[in-house]
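Reproduced below: coords.txt, with compact mmCIF, C-alpha atoms.
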# COMPACT_ATOMS: atom_id res chain seq x y z
CA MET X 1 0.00 0.00 0.00
CA THR X 2 1.31 3.43 -0.96
CA THR X 3 1.94 5.98 1.79
CA PHE X 4 1.28 9.56 0.74
CA ARG X 5 3.56 12.26 2.14
CA ILE X 6 3.46 16.03 1.71
CA ASP X 7 6.69 17.94 2.47
CA ASP X 8 7.67 21.58 3.07
CA ILE X 9 4.64 22.62 5.11
CA GLY X 10 5.59 25.84 6.92
CA ALA X 11 8.99 26.14 5.22
CA SER X 12 10.11 29.56 3.99
CA THR X 13 12.04 27.67 1.32
CA LYS X 14 8.88 28.06 -0.77
CA GLN X 15 9.56 31.79 -0.90
CA PHE X 16 13.34 32.07 -0.76
CA GLU X 17 14.71 29.06 -2.66
CA GLN X 18 14.98 30.57 -6.12
CA TYR X 19 16.93 29.08 -8.98
CA SER X 20 16.56 28.25 -12.65
CA LYS X 21 17.30 25.20 -14.76
CA VAL X 22 17.35 27.34 -17.89
CA ARG X 23 20.71 28.62 -19.15
CA GLY X 24 21.07 32.24 -18.13
CA GLY X 25 17.98 32.04 -15.96
CA ASN X 26 19.66 32.59 -12.60
CA PHE X 27 19.84 36.34 -13.12
CA TRP X 28 17.94 38.55 -10.65
CA PHE X 29 14.15 38.48 -11.22
CA LEU X 30 14.24 35.79 -13.94
CA LYS X 31 14.36 33.08 -11.26
CA LYS X 32 10.86 34.16 -10.16
CA ILE X 33 9.03 33.96 -13.49
CA TRP X 34 8.14 31.31 -16.06
CA PRO X 35 9.74 29.72 -18.00
CA PHE X 36 12.90 30.36 -16.00
CA LYS X 37 11.90 29.57 -12.43
CA ALA X 38 12.38 26.03 -11.18
CA TRP X 39 10.94 26.25 -7.66
CA GLY X 40 9.75 29.31 -5.74
CA PRO X 41 8.20 31.52 -4.90
CA TYR X 42 4.76 30.15 -4.08
CA SER X 43 2.39 30.59 -1.15
CA GLU X 44 1.54 28.43 1.86
CA LEU X 45 -1.58 26.27 1.74
CA THR X 46 -4.54 28.02 3.35
CA ALA X 47 -6.87 26.54 5.96
CA ASP X 48 -9.61 26.14 3.33
CA GLU X 49 -7.22 24.34 1.00
CA TRP X 50 -6.23 22.00 3.83
CA LYS X 51 -9.87 21.20 4.55
CA LYS X 52 -10.36 20.10 0.94
CA ILE X 53 -7.11 18.13 0.83
CA ILE X 54 -7.80 16.26 4.06
CA ALA X 55 -11.41 15.59 3.02
CA LEU X 56 -10.13 14.08 -0.24
CA PHE X 57 -7.67 11.83 1.56
CA SER X 58 -10.38 10.77 4.01
CA ARG X 59 -12.73 9.91 1.14
CA TYR X 60 -10.15 7.39 -0.08
CA GLN X 61 -9.31 6.22 3.46
CA ILE X 62 -5.75 7.52 3.21
CA LYS X 63 -3.90 8.87 6.24
CA PRO X 64 -1.08 10.99 4.80
CA ILE X 65 2.16 12.02 6.48
CA ILE X 66 2.34 15.79 6.73
CA SER X 67 5.99 16.88 7.03
CA ILE X 68 6.13 20.23 8.81
CA THR X 69 9.07 22.59 9.11
CA ALA X 70 8.69 23.97 12.63
CA CYS X 71 9.73 27.57 11.87
CA TRP X 72 9.45 30.05 9.04
CA VAL X 73 12.74 31.90 8.52
CA GLU X 74 12.08 35.59 7.98
CA ARG X 75 14.17 37.89 5.80
CA ASN X 76 15.95 39.22 8.88
CA ASN X 77 16.92 35.67 10.00
CA THR X 78 14.39 35.53 12.84
CA LEU X 79 12.31 32.38 13.25
CA THR X 80 8.52 32.33 13.51
CA PRO X 81 7.02 29.02 14.70
CA PHE X 82 4.59 27.43 12.27
CA PRO X 83 1.54 27.74 14.58
CA GLN X 84 2.17 31.49 14.90
CA LYS X 85 2.93 32.14 11.24
CA PHE X 86 -0.04 30.15 9.91
CA PRO X 87 -2.46 29.76 12.84
CA ALA X 88 -5.55 28.85 10.80
CA ALA X 89 -3.80 26.15 8.78
CA ALA X 90 -2.06 24.86 11.90
CA ALA X 91 -5.41 24.59 13.71
CA ILE X 92 -6.88 22.48 10.87
CA LEU X 93 -3.88 20.14 10.97
CA LYS X 94 -4.08 19.84 14.76
CA GLN X 95 -7.75 18.96 14.55
CA SER X 96 -7.04 16.44 11.80
CA LEU X 97 -4.32 14.79 13.89
CA ARG X 98 -6.70 14.51 16.84
CA GLN X 99 -9.24 12.88 14.51
CA ASN X 100 -6.57 10.39 13.38
CA LYS X 101 -6.81 11.61 9.78
CA ILE X 102 -3.13 12.55 9.37
CA ILE X 103 0.34 11.78 10.72
CA VAL X 104 2.64 14.70 11.50
CA ALA X 105 6.37 14.40 10.79
CA ASN X 106 9.30 16.65 11.65
CA HIS X 107 10.74 18.29 8.52
CA GLY X 108 13.40 20.29 10.31
CA LEU X 109 13.42 23.58 12.15
CA THR X 110 14.29 25.90 9.25
CA HIS X 111 14.76 23.75 6.09
CA CYS X 112 17.66 26.07 5.26
CA VAL X 113 20.96 27.48 6.45
CA VAL X 114 19.78 30.58 8.28
CA GLY X 115 21.50 33.74 7.08
CA LYS X 116 22.21 32.26 3.66
CA HIS X 117 18.63 31.53 2.67
CA LEU X 118 17.80 34.67 0.68
CA PRO X 119 17.89 34.62 -3.14
CA LEU X 120 21.21 35.42 -4.80
CA PHE X 121 21.49 38.06 -7.51
CA ASN X 122 22.94 35.87 -10.27
CA ALA X 123 23.19 32.33 -8.89
CA SER X 124 21.15 29.49 -7.45
CA ASN X 125 20.76 29.31 -3.66
CA ARG X 126 19.43 25.76 -3.65
CA TYR X 127 22.40 24.40 -1.68
CA PHE X 128 21.54 26.63 1.26
CA HIS X 129 17.97 25.31 1.40
CA ARG X 130 19.12 22.07 2.98
CA GLU X 131 19.34 22.20 6.75
CA PHE X 132 21.49 19.34 8.00
CA TRP X 133 24.75 19.38 6.02
CA PRO X 134 27.59 17.31 7.57
CA ASN X 135 29.92 20.33 7.63
CA LEU X 136 27.64 22.21 10.04
CA PRO X 137 28.52 21.87 13.74
CA GLN X 138 27.02 19.24 16.00
CA GLU X 139 25.59 22.03 18.16
CA LEU X 140 23.45 23.22 15.25
CA HIS X 141 22.13 19.75 14.43
CA THR X 142 21.25 19.16 18.07
CA ALA X 143 19.66 22.56 18.63
CA HIS X 144 17.57 22.38 15.44
CA ILE X 145 16.30 18.87 16.14
CA GLN X 146 15.47 19.60 19.77
CA LYS X 147 13.80 22.94 19.11
CA SER X 148 11.74 21.63 16.18
CA GLN X 149 10.57 18.67 18.25
CA THR X 150 9.62 20.95 21.13
CA ILE X 151 7.61 23.32 18.91
CA LEU X 152 5.75 20.57 17.10
CA GLU X 153 5.09 18.36 20.11
CA ASN X 154 3.93 21.25 22.29
CA PHE X 155 1.53 22.51 19.63
CA PHE X 156 0.14 19.17 18.49
CA GLU X 157 0.16 17.78 22.03
CA SER X 158 1.44 14.49 20.71
CA PRO X 159 4.82 12.76 20.30
CA ILE X 160 6.41 13.32 16.89
CA THR X 161 8.03 10.03 15.90
CA ILE X 162 8.96 10.54 12.22
CA PHE X 163 11.78 12.69 10.84
CA VAL X 164 12.00 13.63 7.14
CA PRO X 165 15.34 15.34 6.35
CA PRO X 166 14.85 18.37 4.08
CA GLY X 167 16.12 17.45 0.63
CA ASN X 168 17.20 14.01 1.93
CA VAL X 169 20.29 15.71 3.38
CA TRP X 170 21.36 14.55 6.85
CA SER X 171 24.44 13.53 8.77
CA ILE X 172 25.65 11.27 11.55
CA LYS X 173 25.46 14.49 13.58
CA THR X 174 21.73 14.56 12.84
CA VAL X 175 21.47 10.94 13.97
CA ALA X 176 23.19 11.82 17.23
CA ALA X 177 20.69 14.64 17.73
CA LEU X 178 17.71 12.33 17.12
CA ILE X 179 18.67 9.74 19.73
CA SER X 180 17.38 11.73 22.72
CA THR X 181 14.01 12.51 21.07
CA ASN X 182 10.80 10.62 20.33
CA ILE X 183 11.87 10.02 16.72
CA LYS X 184 11.61 6.33 15.85
CA GLN X 185 11.65 6.52 12.04
CA VAL X 186 13.61 8.46 9.45
CA ILE X 187 12.23 8.61 5.92
CA SER X 188 14.95 9.33 3.37
CA SER X 189 16.14 8.10 0.00
CA ARG X 190 19.73 8.44 1.21
CA LEU X 191 21.88 7.37 4.12
CA PRO X 192 23.59 10.07 6.17
CA LEU X 193 25.96 11.79 3.76
CA ASP X 194 28.96 11.15 6.00
CA GLY X 195 27.92 7.77 7.39
CA SER X 196 26.37 4.36 6.84
CA LEU X 197 23.72 2.06 8.30
CA SER X 198 26.09 1.25 11.14
CA ASN X 199 25.72 4.84 12.37
CA ILE X 200 21.97 4.45 12.82
CA PRO X 201 21.04 2.86 16.19
CA PRO X 202 18.47 0.03 16.33
CA THR X 203 16.03 2.37 18.08
CA ILE X 204 15.66 4.34 14.82
CA LYS X 205 14.29 2.67 11.69
CA LEU X 206 15.32 4.01 8.28
CA LEU X 207 12.58 3.85 5.64
CA ASN X 208 13.58 4.21 1.99
CA ASP X 209 11.74 7.13 0.43
CA ASN X 210 11.76 5.32 -2.92
CA CYS X 211 9.87 2.27 -1.68
CA GLY X 212 6.18 2.44 -0.89
CA PHE X 213 5.90 6.22 -0.71
CA PHE X 214 4.35 8.80 -2.97
CA ALA X 215 6.12 11.91 -1.75
CA PHE X 216 5.47 15.38 -3.08
CA HIS X 217 5.46 18.99 -1.90
CA ASP X 218 2.80 21.52 -1.10
CA ARG X 219 4.03 23.21 -4.27
CA GLU X 220 2.27 20.63 -6.44
CA LEU X 221 -0.98 21.27 -4.60
CA LYS X 222 -0.66 25.03 -5.09
CA LEU X 223 0.12 24.60 -8.79
CA TYR X 224 -2.25 21.79 -9.74
CA GLY X 225 -4.86 21.61 -6.98
CA SER X 226 -7.08 18.78 -5.77
CA THR X 227 -7.70 17.49 -9.31
CA TRP X 228 -4.03 16.57 -9.56
CA LEU X 229 -4.09 14.97 -6.12
CA LYS X 230 -7.15 12.90 -6.95
CA GLN X 231 -5.44 11.66 -10.12
CA LYS X 232 -2.33 10.65 -8.15
CA ILE X 233 -4.43 8.84 -5.57
CA LYS X 234 -6.12 6.83 -8.32
CA GLU X 235 -2.76 6.06 -9.95
CA ASN X 236 -1.48 4.67 -6.66
CA GLU X 237 -4.50 2.57 -5.73
Re-express the file's structure as structure tokens.
Amino acid sequence: MTTFRIDDIGASTKQFEQYSKVRGGNFWFLKKIWPFKAWGPYSELTADEWKKIIALFSRYQIKPIISITACWVERNNTLTPFPQKFPAAAAILKQSLRQNKIIVANHGLTHCVVGKHLPLFNASNRYFHREFWPNLPQELHTAHIQKSQTILENFFESPITIFVPPGNVWSIKTVAALISTNIKQVISSRLPLDGSLSNIPPTIKLLNDNCGFFAFHDRELKLYGSTWLKQKIKENE
């Protein structure tokens, strides 16, 4: 049975990760317009959109994993927790979790390297929209994991047991940070970039993102809507 997963909920990456796959398209404003732009910017899903999405999943008896980035990174590098930045959408997701209609996963604290997350004038900034690079200090991995868990668990009033590394980028430092939390599963298509299976303790199960999952981003829902989602559900029946 296919498990549906939606990533990037609450992540400012949707606004600030700007790059182009078209030659010459990484110049200034071109990264923000078609046909040059490859990713952002796009807006967060609204509460009304969430109601429709969750109702559609429920109709097909699907309980999706909703991967939430705990904080939105503002232009000035400050962090706004997801429930404060998007209170109406957060309330719908909390209600849905209480009704056992969704599963909430940790998708990092920031999704990005704070301070390097803003668009560049004539280059891609995609690299900096991955949070848990091995070259970042252990203190950052630990602080980001602990703070994101605290924000999500306090708001949802429930243990968060799944971690989805942003961009499938994580490290043995990330693993070390997860050990003292409620995380029991990591969903990723890659092993830690600087490690192997031997670095993952038996208390944490690694699930391959390429096996049994249909993973996508809130971006697809903003671009293509519930019609697209319904089609994907039918394709994965």
At a cut-off of 9 Å, using only C-alpha atoms, what residues contact Val73 in chain X? Leave out same-chain residues fewer than 5 positions from it and give the result as a CSV table (one decimal) with C-alpha atoms, in the frame of the given file.
chain,number,residue,atom,x,y,z
X,11,ALA,CA,9.0,26.1,5.2
X,12,SER,CA,10.1,29.6,4.0
X,13,THR,CA,12.0,27.7,1.3
X,78,THR,CA,14.4,35.5,12.8
X,79,LEU,CA,12.3,32.4,13.2
X,80,THR,CA,8.5,32.3,13.5
X,81,PRO,CA,7.0,29.0,14.7
X,110,THR,CA,14.3,25.9,9.2
X,111,HIS,CA,14.8,23.8,6.1
X,112,CYS,CA,17.7,26.1,5.3
X,114,VAL,CA,19.8,30.6,8.3
X,117,HIS,CA,18.6,31.5,2.7
- Message: What's the separation between CA of Trp28 in chain X and CA of Leu120 in chain X, in Å to one decimal place?
- Response: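 CA of Leu120 in chain X lies 7.4 Å from CA of Trp28 in chain X.
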- Query: From the list X:Ile233, X:Val113, X:Ala47, X:Ile187, which residue is nearest Gln61 in chain X when using only C-alpha atoms?
  - Reply: X:Ile233
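Residue neighbourhood of Pro165 in chain X, excluding near-sequence residues (fewer than 4 positions): Asn106, His107, Gly108, His111, Arg130, Glu131, Phe132, Val169, Trp170, Val186, Ile187 and Ser188 of chain X, at 9 Å, using only C-alpha atoms.
With CA of Lys63 in chain X on one side and CA of Thr142 in chain X on the other, the separation reads 29.6 Å.
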- Message: From (8.8, 3.7, 13.5), in the file's coordinates, out to 6 Å: which residues are reached, counting only C-alpha atoms? Answer as number ranges by chain.
- Response: X: 184-185, 205
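Going from CA of Phe82 in chain X over to CA of Trp228 in chain X, you cover 25.9 Å.
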